[in-house]
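S.K.: What follows is protein_7.txt, compact mmCIF, N, CA, C and O atoms.
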# COMPACT_ATOMS: atom_id res chain seq x y z
N MET A 4 0.85 -1.16 0.00
CA MET A 4 0.00 0.00 0.00
C MET A 4 0.90 1.24 0.00
O MET A 4 1.58 1.51 0.98
N PRO A 5 0.98 2.00 -1.10
CA PRO A 5 1.80 3.20 -1.12
C PRO A 5 1.20 4.31 -0.26
O PRO A 5 -0.02 4.48 -0.22
N PHE A 6 2.06 5.05 0.45
CA PHE A 6 1.58 6.20 1.20
C PHE A 6 2.30 7.48 0.81
O PHE A 6 1.86 8.57 1.14
N ASP A 7 3.40 7.37 0.07
CA ASP A 7 4.08 8.56 -0.44
C ASP A 7 4.82 8.18 -1.71
O ASP A 7 5.65 7.27 -1.71
N VAL A 8 4.50 8.85 -2.78
CA VAL A 8 5.19 8.65 -4.05
C VAL A 8 5.57 10.04 -4.54
O VAL A 8 4.72 10.80 -5.01
N SER A 9 6.83 10.39 -4.36
CA SER A 9 7.30 11.70 -4.76
C SER A 9 8.67 11.55 -5.42
O SER A 9 9.24 10.46 -5.49
N GLU A 10 9.22 12.66 -5.88
CA GLU A 10 10.50 12.63 -6.58
C GLU A 10 11.63 12.15 -5.68
O GLU A 10 12.53 11.45 -6.12
N ARG A 11 11.59 12.48 -4.40
CA ARG A 11 12.69 12.14 -3.49
C ARG A 11 12.39 10.96 -2.56
O ARG A 11 13.26 10.51 -1.84
N HIS A 12 11.13 10.48 -2.57
CA HIS A 12 10.78 9.44 -1.60
C HIS A 12 9.69 8.53 -2.16
O HIS A 12 8.72 8.98 -2.76
N LEU A 13 9.88 7.23 -1.95
CA LEU A 13 8.84 6.25 -2.23
C LEU A 13 8.61 5.51 -0.91
O LEU A 13 9.54 4.93 -0.34
N GLY A 14 7.39 5.58 -0.41
CA GLY A 14 7.06 4.89 0.83
C GLY A 14 5.85 4.00 0.63
O GLY A 14 4.85 4.42 0.05
N PHE A 15 5.97 2.76 1.10
CA PHE A 15 4.82 1.85 1.02
C PHE A 15 4.86 0.89 2.20
O PHE A 15 5.91 0.61 2.76
N ASP A 16 3.69 0.44 2.59
CA ASP A 16 3.55 -0.49 3.71
C ASP A 16 3.06 -1.84 3.19
O ASP A 16 2.23 -1.90 2.27
N THR A 17 3.57 -2.91 3.79
CA THR A 17 3.04 -4.25 3.56
C THR A 17 2.43 -4.74 4.86
O THR A 17 2.96 -4.45 5.95
N PHE A 18 1.31 -5.43 4.77
CA PHE A 18 0.55 -5.85 5.93
C PHE A 18 0.48 -7.36 6.04
O PHE A 18 0.29 -8.05 5.04
N ASP A 19 0.61 -7.86 7.25
CA ASP A 19 0.34 -9.26 7.57
C ASP A 19 -0.83 -9.23 8.54
O ASP A 19 -0.66 -8.97 9.74
N LEU A 20 -2.04 -9.44 8.04
CA LEU A 20 -3.24 -9.30 8.85
C LEU A 20 -3.34 -10.36 9.94
O LEU A 20 -3.88 -10.11 11.01
N VAL A 21 -2.82 -11.56 9.68
CA VAL A 21 -2.88 -12.64 10.67
C VAL A 21 -2.00 -12.31 11.87
O VAL A 21 -2.40 -12.47 13.02
N GLU A 22 -0.78 -11.84 11.62
CA GLU A 22 0.16 -11.54 12.69
C GLU A 22 0.01 -10.12 13.23
O GLU A 22 0.68 -9.75 14.19
N GLN A 23 -0.86 -9.31 12.62
CA GLN A 23 -1.08 -7.92 13.01
C GLN A 23 0.22 -7.12 12.94
O GLN A 23 0.59 -6.39 13.87
N VAL A 24 0.92 -7.27 11.82
CA VAL A 24 2.21 -6.61 11.64
C VAL A 24 2.19 -5.86 10.31
O VAL A 24 1.64 -6.34 9.32
N LEU A 25 2.78 -4.68 10.31
CA LEU A 25 3.02 -4.00 9.06
C LEU A 25 4.50 -3.65 9.00
O LEU A 25 5.14 -3.42 10.02
N VAL A 26 5.03 -3.67 7.80
CA VAL A 26 6.41 -3.24 7.57
C VAL A 26 6.33 -2.02 6.66
O VAL A 26 5.71 -2.07 5.60
N SER A 27 6.93 -0.93 7.13
CA SER A 27 6.96 0.31 6.37
C SER A 27 8.29 0.39 5.62
O SER A 27 9.36 0.32 6.23
N HIS A 28 8.21 0.48 4.30
CA HIS A 28 9.39 0.48 3.43
C HIS A 28 9.60 1.89 2.88
O HIS A 28 8.63 2.55 2.49
N HIS A 29 10.85 2.32 2.85
CA HIS A 29 11.18 3.67 2.37
C HIS A 29 12.37 3.62 1.43
O HIS A 29 13.40 3.02 1.75
N LEU A 30 12.23 4.25 0.28
CA LEU A 30 13.34 4.51 -0.64
C LEU A 30 13.47 6.02 -0.72
O LEU A 30 12.54 6.71 -1.16
N THR A 31 14.61 6.55 -0.27
CA THR A 31 14.80 7.99 -0.17
C THR A 31 16.02 8.40 -0.98
O THR A 31 17.09 7.81 -0.83
N SER A 32 15.86 9.42 -1.81
CA SER A 32 16.96 9.93 -2.61
C SER A 32 18.01 10.56 -1.70
O SER A 32 17.68 11.38 -0.83
N ASP A 33 19.27 10.17 -1.90
CA ASP A 33 20.36 10.72 -1.10
C ASP A 33 20.95 11.99 -1.70
O ASP A 33 21.81 12.61 -1.09
N GLY A 34 20.55 12.36 -2.86
CA GLY A 34 21.10 13.58 -3.46
C GLY A 34 21.02 13.57 -4.96
O GLY A 34 20.20 12.88 -5.56
N GLU A 35 21.92 14.31 -5.56
CA GLU A 35 21.90 14.52 -7.00
C GLU A 35 22.51 13.36 -7.79
O GLU A 35 22.42 13.34 -9.01
N ASP A 36 23.15 12.40 -7.12
CA ASP A 36 23.83 11.33 -7.84
C ASP A 36 22.89 10.21 -8.29
O ASP A 36 23.33 9.24 -8.90
N GLY A 37 21.60 10.30 -7.98
CA GLY A 37 20.63 9.30 -8.42
C GLY A 37 20.56 8.07 -7.54
O GLY A 37 19.84 7.13 -7.85
N ARG A 38 21.29 8.07 -6.45
CA ARG A 38 21.27 6.93 -5.55
C ARG A 38 20.14 7.08 -4.52
O ARG A 38 19.76 8.18 -4.15
N TYR A 39 19.65 5.93 -4.09
CA TYR A 39 18.57 5.90 -3.09
C TYR A 39 19.01 5.08 -1.89
O TYR A 39 19.73 4.09 -2.01
N ARG A 40 18.55 5.51 -0.73
CA ARG A 40 18.78 4.78 0.52
C ARG A 40 17.52 3.99 0.82
O ARG A 40 16.40 4.49 0.69
N ARG A 41 17.69 2.74 1.22
CA ARG A 41 16.55 1.88 1.54
C ARG A 41 16.49 1.64 3.04
O ARG A 41 17.48 1.28 3.67
N ASP A 42 15.31 1.86 3.62
CA ASP A 42 15.07 1.62 5.04
C ASP A 42 13.73 0.93 5.20
O ASP A 42 12.85 1.04 4.34
N SER A 43 13.57 0.24 6.30
CA SER A 43 12.26 -0.33 6.63
C SER A 43 12.14 -0.40 8.15
O SER A 43 13.14 -0.41 8.87
N SER A 44 10.90 -0.40 8.61
CA SER A 44 10.64 -0.55 10.04
C SER A 44 9.42 -1.43 10.23
O SER A 44 8.46 -1.36 9.46
N ARG A 45 9.48 -2.26 11.24
CA ARG A 45 8.42 -3.23 11.53
C ARG A 45 7.57 -2.71 12.68
O ARG A 45 8.10 -2.25 13.69
N HIS A 46 6.25 -2.81 12.53
CA HIS A 46 5.32 -2.31 13.54
C HIS A 46 4.25 -3.36 13.80
O HIS A 46 3.76 -4.00 12.87
N ARG A 47 3.89 -3.52 15.06
CA ARG A 47 2.77 -4.38 15.40
C ARG A 47 1.60 -3.48 15.78
O ARG A 47 1.77 -2.54 16.53
N TYR A 48 0.44 -3.76 15.24
CA TYR A 48 -0.72 -2.95 15.59
C TYR A 48 -1.69 -3.79 16.41
O TYR A 48 -1.66 -5.01 16.39
N ALA A 49 -2.52 -3.10 17.17
CA ALA A 49 -3.48 -3.78 18.05
C ALA A 49 -4.85 -3.16 17.86
O ALA A 49 -4.98 -1.96 17.64
N TRP A 50 -5.87 -3.98 17.95
CA TRP A 50 -7.25 -3.52 17.85
C TRP A 50 -7.70 -2.98 19.20
O TRP A 50 -7.19 -3.39 20.25
N PRO A 51 -8.66 -2.09 19.22
CA PRO A 51 -9.14 -1.54 20.49
C PRO A 51 -9.56 -2.62 21.49
O PRO A 51 -9.25 -2.52 22.68
N ALA A 52 -10.23 -3.66 21.04
CA ALA A 52 -10.67 -4.73 21.95
C ALA A 52 -9.49 -5.42 22.63
O ALA A 52 -9.57 -5.80 23.80
N GLU A 53 -8.39 -5.59 21.89
CA GLU A 53 -7.20 -6.22 22.46
C GLU A 53 -6.59 -5.34 23.55
O GLU A 53 -6.21 -5.81 24.61
N LEU A 54 -6.52 -4.05 23.29
CA LEU A 54 -5.99 -3.12 24.30
C LEU A 54 -6.92 -3.03 25.51
O LEU A 54 -6.46 -2.94 26.65
N ASP A 55 -8.23 -3.06 25.25
CA ASP A 55 -9.19 -3.04 26.36
C ASP A 55 -9.00 -4.25 27.27
O ASP A 55 -9.05 -4.13 28.50
N LEU A 56 -8.79 -5.41 26.69
CA LEU A 56 -8.57 -6.62 27.48
C LEU A 56 -7.30 -6.51 28.31
O LEU A 56 -7.31 -6.82 29.51
N MET A 57 -6.21 -6.04 27.71
CA MET A 57 -4.97 -5.88 28.46
C MET A 57 -5.15 -4.88 29.61
O MET A 57 -4.66 -5.09 30.72
N ALA A 58 -5.87 -3.80 29.36
CA ALA A 58 -6.12 -2.81 30.41
C ALA A 58 -6.97 -3.41 31.52
O ALA A 58 -6.68 -3.20 32.71
N ARG A 59 -8.01 -4.17 31.15
CA ARG A 59 -8.87 -4.79 32.16
C ARG A 59 -8.07 -5.77 33.02
O ARG A 59 -8.22 -5.81 34.24
N ILE A 60 -7.21 -6.56 32.40
CA ILE A 60 -6.35 -7.49 33.14
C ILE A 60 -5.45 -6.73 34.11
O ILE A 60 -5.16 -7.20 35.21
N ALA A 61 -5.04 -5.53 33.73
CA ALA A 61 -4.18 -4.70 34.58
C ALA A 61 -4.98 -3.93 35.64
O ALA A 61 -4.40 -3.17 36.40
N GLY A 62 -6.30 -4.11 35.64
CA GLY A 62 -7.13 -3.45 36.65
C GLY A 62 -7.57 -2.05 36.27
O GLY A 62 -7.96 -1.25 37.13
N LEU A 63 -7.54 -1.72 34.99
CA LEU A 63 -7.93 -0.39 34.53
C LEU A 63 -9.32 -0.43 33.91
O LEU A 63 -9.79 -1.48 33.47
N GLU A 64 -9.96 0.72 33.87
CA GLU A 64 -11.28 0.87 33.23
C GLU A 64 -11.18 1.91 32.13
O GLU A 64 -10.52 2.94 32.30
N LEU A 65 -11.86 1.64 31.02
CA LEU A 65 -11.88 2.59 29.91
C LEU A 65 -12.67 3.82 30.33
O LEU A 65 -13.82 3.73 30.75
N GLU A 66 -12.03 4.98 30.22
CA GLU A 66 -12.70 6.24 30.51
C GLU A 66 -13.33 6.83 29.26
O GLU A 66 -14.45 7.28 29.25
N ARG A 67 -12.54 6.83 28.17
CA ARG A 67 -13.08 7.35 26.89
C ARG A 67 -12.20 6.88 25.75
O ARG A 67 -11.04 6.53 25.93
N ARG A 68 -12.79 6.91 24.56
CA ARG A 68 -12.06 6.60 23.32
C ARG A 68 -12.56 7.57 22.27
O ARG A 68 -13.77 7.73 22.08
N VAL A 69 -11.63 8.21 21.59
CA VAL A 69 -11.95 9.17 20.53
C VAL A 69 -11.12 8.82 19.30
O VAL A 69 -10.18 8.04 19.37
N ALA A 70 -11.46 9.44 18.19
CA ALA A 70 -10.81 9.10 16.91
C ALA A 70 -9.50 9.85 16.69
O ALA A 70 -8.70 9.43 15.86
N ASP A 71 -9.27 10.93 17.42
CA ASP A 71 -8.03 11.69 17.24
C ASP A 71 -7.79 12.59 18.44
O ASP A 71 -8.59 12.63 19.38
N TRP A 72 -6.68 13.31 18.41
CA TRP A 72 -6.31 14.17 19.54
C TRP A 72 -7.27 15.34 19.71
O TRP A 72 -7.31 15.97 20.77
N ASP A 73 -8.05 15.65 18.67
CA ASP A 73 -9.02 16.74 18.77
C ASP A 73 -10.34 16.28 19.38
O ASP A 73 -11.24 17.08 19.58
N GLY A 74 -10.49 14.98 19.66
CA GLY A 74 -11.69 14.46 20.31
C GLY A 74 -12.83 14.10 19.39
O GLY A 74 -13.97 13.97 19.83
N ALA A 75 -12.55 13.92 18.10
CA ALA A 75 -13.61 13.51 17.17
C ALA A 75 -14.17 12.16 17.61
O ALA A 75 -13.44 11.33 18.15
N PRO A 76 -15.45 11.93 17.39
CA PRO A 76 -16.05 10.66 17.80
C PRO A 76 -15.38 9.46 17.13
O PRO A 76 -15.04 9.50 15.95
N PHE A 77 -15.20 8.40 17.89
CA PHE A 77 -14.65 7.15 17.38
C PHE A 77 -15.79 6.34 16.78
O PHE A 77 -16.79 6.08 17.43
N THR A 78 -15.65 5.97 15.50
CA THR A 78 -16.69 5.19 14.81
C THR A 78 -16.03 4.00 14.12
O THR A 78 -14.80 3.88 14.09
N GLN A 79 -16.84 3.16 13.52
CA GLN A 79 -16.31 2.00 12.80
C GLN A 79 -15.46 2.41 11.60
O GLN A 79 -14.67 1.61 11.09
N ASP A 80 -15.58 3.64 11.16
CA ASP A 80 -14.80 4.13 10.03
C ASP A 80 -13.53 4.85 10.44
O ASP A 80 -12.75 5.29 9.59
N SER A 81 -13.29 4.98 11.74
CA SER A 81 -12.10 5.68 12.23
C SER A 81 -10.84 4.90 11.87
O SER A 81 -10.78 3.69 12.07
N ALA A 82 -9.83 5.60 11.35
CA ALA A 82 -8.58 4.96 10.97
C ALA A 82 -7.59 4.91 12.13
O ALA A 82 -6.59 4.21 12.06
N LYS A 83 -7.86 5.66 13.19
CA LYS A 83 -6.99 5.69 14.36
C LYS A 83 -7.83 6.01 15.57
O LYS A 83 -9.02 6.31 15.45
N TYR A 84 -7.22 5.92 16.74
CA TYR A 84 -7.98 6.19 17.96
C TYR A 84 -7.05 6.54 19.10
O TYR A 84 -5.86 6.25 19.07
N VAL A 85 -7.63 7.21 20.09
CA VAL A 85 -6.94 7.55 21.33
C VAL A 85 -7.83 7.00 22.45
O VAL A 85 -9.01 7.33 22.52
N SER A 86 -7.26 6.15 23.30
CA SER A 86 -8.01 5.59 24.42
C SER A 86 -7.40 6.06 25.73
O SER A 86 -6.18 6.19 25.84
N VAL A 87 -8.26 6.30 26.69
CA VAL A 87 -7.81 6.70 28.03
C VAL A 87 -8.41 5.71 29.02
O VAL A 87 -9.63 5.52 29.06
N TRP A 88 -7.55 5.07 29.81
CA TRP A 88 -7.99 4.16 30.86
C TRP A 88 -7.58 4.75 32.19
O TRP A 88 -6.58 5.46 32.30
N ARG A 89 -8.34 4.44 33.23
CA ARG A 89 -8.03 4.92 34.59
C ARG A 89 -8.07 3.74 35.55
O ARG A 89 -8.84 2.81 35.36
N LYS A 90 -7.28 3.85 36.59
CA LYS A 90 -7.33 2.87 37.67
C LYS A 90 -8.45 3.32 38.60
O LYS A 90 -8.44 4.46 39.07
N PRO A 91 -9.41 2.44 38.90
CA PRO A 91 -10.51 2.83 39.79
C PRO A 91 -9.99 3.22 41.17
O PRO A 91 -9.02 2.63 41.66
N ALA A 92 -10.66 4.18 41.76
CA ALA A 92 -10.24 4.65 43.10
C ALA A 92 -10.59 3.65 44.17
O ALA A 92 -11.42 2.82 44.08
Can you give me the file's structure in the form of structure tokens?
M.R.:
Amino acid sequence: MPFDVSERHLGFDTFDLVEQVLVSHHLTSDGEDGRYRRDSSRHRYAWPAELDLMARIAGLELERRVADWDGAPFTQDSAKYVSVWRKPA
């Protein structure tokens, strides 16, 4: 899945849905000589339900979940989320 295609950078992600892993691949121009540097980074992602379970096991309760730092409502179409858990008093 490409996320940046420009003159100086090509970035794309590959996903392993079973393992919940994505690898972000980057080809970046090093300068005028036409050479590119190749980098990649591996990321594991988690679904909200998985994080909720880990928090519950740790004795925390979900306080709120929103779609972004501005507090937009979290819906089934949200591409990201921010969750806040609290330890009960």
S.K.: Once 3 Å is added on each side, what are the centre and the three edge lengths, in Å to one decimal, of the axis-aligned box enclosing the listed atoms of region 28-39 of chain A? Present them as JSON.
M.R.:
{"center_x": 16.0, "center_y": 7.5, "center_z": -2.4, "size_x": 21.6, "size_y": 20.0, "size_z": 19.3}
S.K.: I'd like to know which of A:Asp80, A:Asp16, A:Glu22, A:Glu64 is closest to Ser44 (chain A), using all atoms listed in the file.
M.R.: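 Distance minimum relative to Ser44 (chain A) lands on A:Asp16.
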S.K.: Identify the residues within 10 Å of coordinate (12.3, 9.7, -5.4) (same frame as the file), considering only C-alpha atoms, and give the answer as a compact mmCIF listing (two decimals) with N, CA, C and O atoms, in the frame of the given file.
M.R.:
# COMPACT_ATOMS: atom_id res chain seq x y z
N ASP A 7 3.40 7.37 0.07
CA ASP A 7 4.08 8.56 -0.44
C ASP A 7 4.82 8.18 -1.71
O ASP A 7 5.65 7.27 -1.71
N VAL A 8 4.50 8.85 -2.78
CA VAL A 8 5.19 8.65 -4.05
C VAL A 8 5.57 10.04 -4.54
O VAL A 8 4.72 10.80 -5.01
N SER A 9 6.83 10.39 -4.36
CA SER A 9 7.30 11.70 -4.76
C SER A 9 8.67 11.55 -5.42
O SER A 9 9.24 10.46 -5.49
N GLU A 10 9.22 12.66 -5.88
CA GLU A 10 10.50 12.63 -6.58
C GLU A 10 11.63 12.15 -5.68
O GLU A 10 12.53 11.45 -6.12
N ARG A 11 11.59 12.48 -4.40
CA ARG A 11 12.69 12.14 -3.49
C ARG A 11 12.39 10.96 -2.56
O ARG A 11 13.26 10.51 -1.84
N HIS A 12 11.13 10.48 -2.57
CA HIS A 12 10.78 9.44 -1.60
C HIS A 12 9.69 8.53 -2.16
O HIS A 12 8.72 8.98 -2.76
N LEU A 13 9.88 7.23 -1.95
CA LEU A 13 8.84 6.25 -2.23
C LEU A 13 8.61 5.51 -0.91
O LEU A 13 9.54 4.93 -0.34
N GLY A 14 7.39 5.58 -0.41
CA GLY A 14 7.06 4.89 0.83
C GLY A 14 5.85 4.00 0.63
O GLY A 14 4.85 4.42 0.05
N HIS A 29 10.85 2.32 2.85
CA HIS A 29 11.18 3.67 2.37
C HIS A 29 12.37 3.62 1.43
O HIS A 29 13.40 3.02 1.75
N LEU A 30 12.23 4.25 0.28
CA LEU A 30 13.34 4.51 -0.64
C LEU A 30 13.47 6.02 -0.72
O LEU A 30 12.54 6.71 -1.16
N THR A 31 14.61 6.55 -0.27
CA THR A 31 14.80 7.99 -0.17
C THR A 31 16.02 8.40 -0.98
O THR A 31 17.09 7.81 -0.83
N SER A 32 15.86 9.42 -1.81
CA SER A 32 16.96 9.93 -2.61
C SER A 32 18.01 10.56 -1.70
O SER A 32 17.68 11.38 -0.83
N ASP A 33 19.27 10.17 -1.90
CA ASP A 33 20.36 10.72 -1.10
C ASP A 33 20.95 11.99 -1.70
O ASP A 33 21.81 12.61 -1.09
N GLY A 34 20.55 12.36 -2.86
CA GLY A 34 21.10 13.58 -3.46
C GLY A 34 21.02 13.57 -4.96
O GLY A 34 20.20 12.88 -5.56
N GLY A 37 21.60 10.30 -7.98
CA GLY A 37 20.63 9.30 -8.42
C GLY A 37 20.56 8.07 -7.54
O GLY A 37 19.84 7.13 -7.85
N ARG A 38 21.29 8.07 -6.45
CA ARG A 38 21.27 6.93 -5.55
C ARG A 38 20.14 7.08 -4.52
O ARG A 38 19.76 8.18 -4.15
N TYR A 39 19.65 5.93 -4.09
CA TYR A 39 18.57 5.90 -3.09
C TYR A 39 19.01 5.08 -1.89
O TYR A 39 19.73 4.09 -2.01
S.K.: When distances are computed from only C-alpha atoms, which of A:Ala58, A:Arg89, A:Phe15, A:Ser81 shows the smallest separation from Asp42 (chain A)?
M.R.: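 Of the candidates, the smallest distance to Asp42 (chain A) is held by A:Phe15.
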S.K.: With all atoms listed in the file as the basis for distance, which of A:Leu20, A:Ala82, A:Ala49, A:Val87 is at the shortest distance from Leu65 (chain A)?
M.R.: A:Val87
S.K.: Can you save region 13-39 of chain A of the given block to a file, including N, CA, C and O atoms and formatted as a PDB file, in the first residue's frame?
M.R.:
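File produced: out-v2.pdb:
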ATOM      1  N   LEU A  13       9.878   7.232  -1.953  1.00  0.00           N
ATOM      2  CA  LEU A  13       8.836   6.248  -2.226  1.00  0.00           C
ATOM      3  C   LEU A  13       8.606   5.508  -0.910  1.00  0.00           C
ATOM      4  O   LEU A  13       9.538   4.932  -0.342  1.00  0.00           O
ATOM      5  N   GLY A  14       7.388   5.578  -0.407  1.00  0.00           N
ATOM      6  CA  GLY A  14       7.055   4.894   0.834  1.00  0.00           C
ATOM      7  C   GLY A  14       5.851   3.997   0.630  1.00  0.00           C
ATOM      8  O   GLY A  14       4.849   4.418   0.046  1.00  0.00           O
ATOM      9  N   PHE A  15       5.971   2.758   1.099  1.00  0.00           N
ATOM     10  CA  PHE A  15       4.821   1.854   1.015  1.00  0.00           C
ATOM     11  C   PHE A  15       4.861   0.894   2.198  1.00  0.00           C
ATOM     12  O   PHE A  15       5.915   0.608   2.762  1.00  0.00           O
ATOM     13  N   ASP A  16       3.690   0.439   2.591  1.00  0.00           N
ATOM     14  CA  ASP A  16       3.549  -0.491   3.705  1.00  0.00           C
ATOM     15  C   ASP A  16       3.064  -1.836   3.191  1.00  0.00           C
ATOM     16  O   ASP A  16       2.234  -1.899   2.271  1.00  0.00           O
ATOM     17  N   THR A  17       3.567  -2.910   3.795  1.00  0.00           N
ATOM     18  CA  THR A  17       3.044  -4.247   3.555  1.00  0.00           C
ATOM     19  C   THR A  17       2.431  -4.738   4.860  1.00  0.00           C
ATOM     20  O   THR A  17       2.956  -4.448   5.946  1.00  0.00           O
ATOM     21  N   PHE A  18       1.315  -5.433   4.767  1.00  0.00           N
ATOM     22  CA  PHE A  18       0.551  -5.847   5.934  1.00  0.00           C
ATOM     23  C   PHE A  18       0.485  -7.363   6.038  1.00  0.00           C
ATOM     24  O   PHE A  18       0.288  -8.050   5.036  1.00  0.00           O
ATOM     25  N   ASP A  19       0.612  -7.865   7.252  1.00  0.00           N
ATOM     26  CA  ASP A  19       0.340  -9.262   7.567  1.00  0.00           C
ATOM     27  C   ASP A  19      -0.834  -9.231   8.543  1.00  0.00           C
ATOM     28  O   ASP A  19      -0.656  -8.975   9.737  1.00  0.00           O
ATOM     29  N   LEU A  20      -2.037  -9.437   8.035  1.00  0.00           N
ATOM     30  CA  LEU A  20      -3.238  -9.305   8.852  1.00  0.00           C
ATOM     31  C   LEU A  20      -3.338 -10.365   9.937  1.00  0.00           C
ATOM     32  O   LEU A  20      -3.881 -10.115  11.011  1.00  0.00           O
ATOM     33  N   VAL A  21      -2.820 -11.561   9.683  1.00  0.00           N
ATOM     34  CA  VAL A  21      -2.882 -12.638  10.668  1.00  0.00           C
ATOM     35  C   VAL A  21      -1.998 -12.314  11.867  1.00  0.00           C
ATOM     36  O   VAL A  21      -2.396 -12.470  13.018  1.00  0.00           O
ATOM     37  N   GLU A  22      -0.784 -11.842  11.616  1.00  0.00           N
ATOM     38  CA  GLU A  22       0.164 -11.538  12.691  1.00  0.00           C
ATOM     39  C   GLU A  22       0.009 -10.120  13.234  1.00  0.00           C
ATOM     40  O   GLU A  22       0.679  -9.748  14.191  1.00  0.00           O
ATOM     41  N   GLN A  23      -0.864  -9.313  12.622  1.00  0.00           N
ATOM     42  CA  GLN A  23      -1.081  -7.917  13.006  1.00  0.00           C
ATOM     43  C   GLN A  23       0.221  -7.116  12.942  1.00  0.00           C
ATOM     44  O   GLN A  23       0.585  -6.391  13.865  1.00  0.00           O
ATOM     45  N   VAL A  24       0.923  -7.270  11.824  1.00  0.00           N
ATOM     46  CA  VAL A  24       2.208  -6.606  11.640  1.00  0.00           C
ATOM     47  C   VAL A  24       2.188  -5.863  10.307  1.00  0.00           C
ATOM     48  O   VAL A  24       1.636  -6.344   9.321  1.00  0.00           O
ATOM     49  N   LEU A  25       2.778  -4.681  10.311  1.00  0.00           N
ATOM     50  CA  LEU A  25       3.019  -3.996   9.057  1.00  0.00           C
ATOM     51  C   LEU A  25       4.498  -3.653   8.997  1.00  0.00           C
ATOM     52  O   LEU A  25       5.140  -3.423  10.021  1.00  0.00           O
ATOM     53  N   VAL A  26       5.034  -3.666   7.798  1.00  0.00           N
ATOM     54  CA  VAL A  26       6.406  -3.237   7.568  1.00  0.00           C
ATOM     55  C   VAL A  26       6.331  -2.024   6.660  1.00  0.00           C
ATOM     56  O   VAL A  26       5.714  -2.065   5.598  1.00  0.00           O
ATOM     57  N   SER A  27       6.931  -0.930   7.128  1.00  0.00           N
ATOM     58  CA  SER A  27       6.956   0.314   6.369  1.00  0.00           C
ATOM     59  C   SER A  27       8.288   0.385   5.616  1.00  0.00           C
ATOM     60  O   SER A  27       9.356   0.318   6.227  1.00  0.00           O
ATOM     61  N   HIS A  28       8.206   0.478   4.299  1.00  0.00           N
ATOM     62  CA  HIS A  28       9.389   0.482   3.427  1.00  0.00           C
ATOM     63  C   HIS A  28       9.596   1.894   2.877  1.00  0.00           C
ATOM     64  O   HIS A  28       8.629   2.549   2.489  1.00  0.00           O
ATOM     65  N   HIS A  29      10.853   2.322   2.848  1.00  0.00           N
ATOM     66  CA  HIS A  29      11.177   3.669   2.373  1.00  0.00           C
ATOM     67  C   HIS A  29      12.373   3.624   1.428  1.00  0.00           C
ATOM     68  O   HIS A  29      13.398   3.016   1.750  1.00  0.00           O
ATOM     69  N   LEU A  30      12.231   4.252   0.285  1.00  0.00           N
ATOM     70  CA  LEU A  30      13.336   4.506  -0.637  1.00  0.00           C
ATOM     71  C   LEU A  30      13.469   6.021  -0.721  1.00  0.00           C
ATOM     72  O   LEU A  30      12.538   6.708  -1.161  1.00  0.00           O
ATOM     73  N   THR A  31      14.612   6.547  -0.267  1.00  0.00           N
ATOM     74  CA  THR A  31      14.798   7.989  -0.173  1.00  0.00           C
ATOM     75  C   THR A  31      16.017   8.402  -0.976  1.00  0.00           C
ATOM     76  O   THR A  31      17.088   7.813  -0.831  1.00  0.00           O
ATOM     77  N   SER A  32      15.861   9.423  -1.806  1.00  0.00           N
ATOM     78  CA  SER A  32      16.964   9.934  -2.615  1.00  0.00           C
ATOM     79  C   SER A  32      18.007  10.561  -1.695  1.00  0.00           C
ATOM     80  O   SER A  32      17.685  11.379  -0.831  1.00  0.00           O
ATOM     81  N   ASP A  33      19.269  10.175  -1.901  1.00  0.00           N
ATOM     82  CA  ASP A  33      20.364  10.725  -1.101  1.00  0.00           C
ATOM     83  C   ASP A  33      20.951  11.993  -1.699  1.00  0.00           C
ATOM     84  O   ASP A  33      21.807  12.614  -1.089  1.00  0.00           O
ATOM     85  N   GLY A  34      20.549  12.359  -2.862  1.00  0.00           N
ATOM     86  CA  GLY A  34      21.099  13.578  -3.459  1.00  0.00           C
ATOM     87  C   GLY A  34      21.020  13.567  -4.960  1.00  0.00           C
ATOM     88  O   GLY A  34      20.199  12.885  -5.561  1.00  0.00           O
ATOM     89  N   GLU A  35      21.916  14.311  -5.558  1.00  0.00           N
ATOM     90  CA  GLU A  35      21.900  14.515  -7.004  1.00  0.00           C
ATOM     91  C   GLU A  35      22.515  13.358  -7.790  1.00  0.00           C
ATOM     92  O   GLU A  35      22.421  13.335  -9.010  1.00  0.00           O
ATOM     93  N   ASP A  36      23.155  12.400  -7.117  1.00  0.00           N
ATOM     94  CA  ASP A  36      23.834  11.327  -7.838  1.00  0.00           C
ATOM     95  C   ASP A  36      22.895  10.211  -8.288  1.00  0.00           C
ATOM     96  O   ASP A  36      23.325   9.240  -8.897  1.00  0.00           O
ATOM     97  N   GLY A  37      21.603  10.302  -7.983  1.00  0.00           N
ATOM     98  CA  GLY A  37      20.634   9.304  -8.423  1.00  0.00           C
ATOM     99  C   GLY A  37      20.558   8.071  -7.542  1.00  0.00           C
ATOM    100  O   GLY A  37      19.839   7.133  -7.853  1.00  0.00           O
ATOM    101  N   ARG A  38      21.287   8.074  -6.453  1.00  0.00           N
ATOM    102  CA  ARG A  38      21.272   6.929  -5.546  1.00  0.00           C
ATOM    103  C   ARG A  38      20.145   7.081  -4.525  1.00  0.00           C
ATOM    104  O   ARG A  38      19.760   8.181  -4.151  1.00  0.00           O
ATOM    105  N   TYR A  39      19.647   5.929  -4.088  1.00  0.00           N
ATOM    106  CA  TYR A  39      18.573   5.898  -3.093  1.00  0.00           C
ATOM    107  C   TYR A  39      19.009   5.081  -1.887  1.00  0.00           C
ATOM    108  O   TYR A  39      19.733   4.093  -2.010  1.00  0.00           O
TER     109      TYR A  39
END
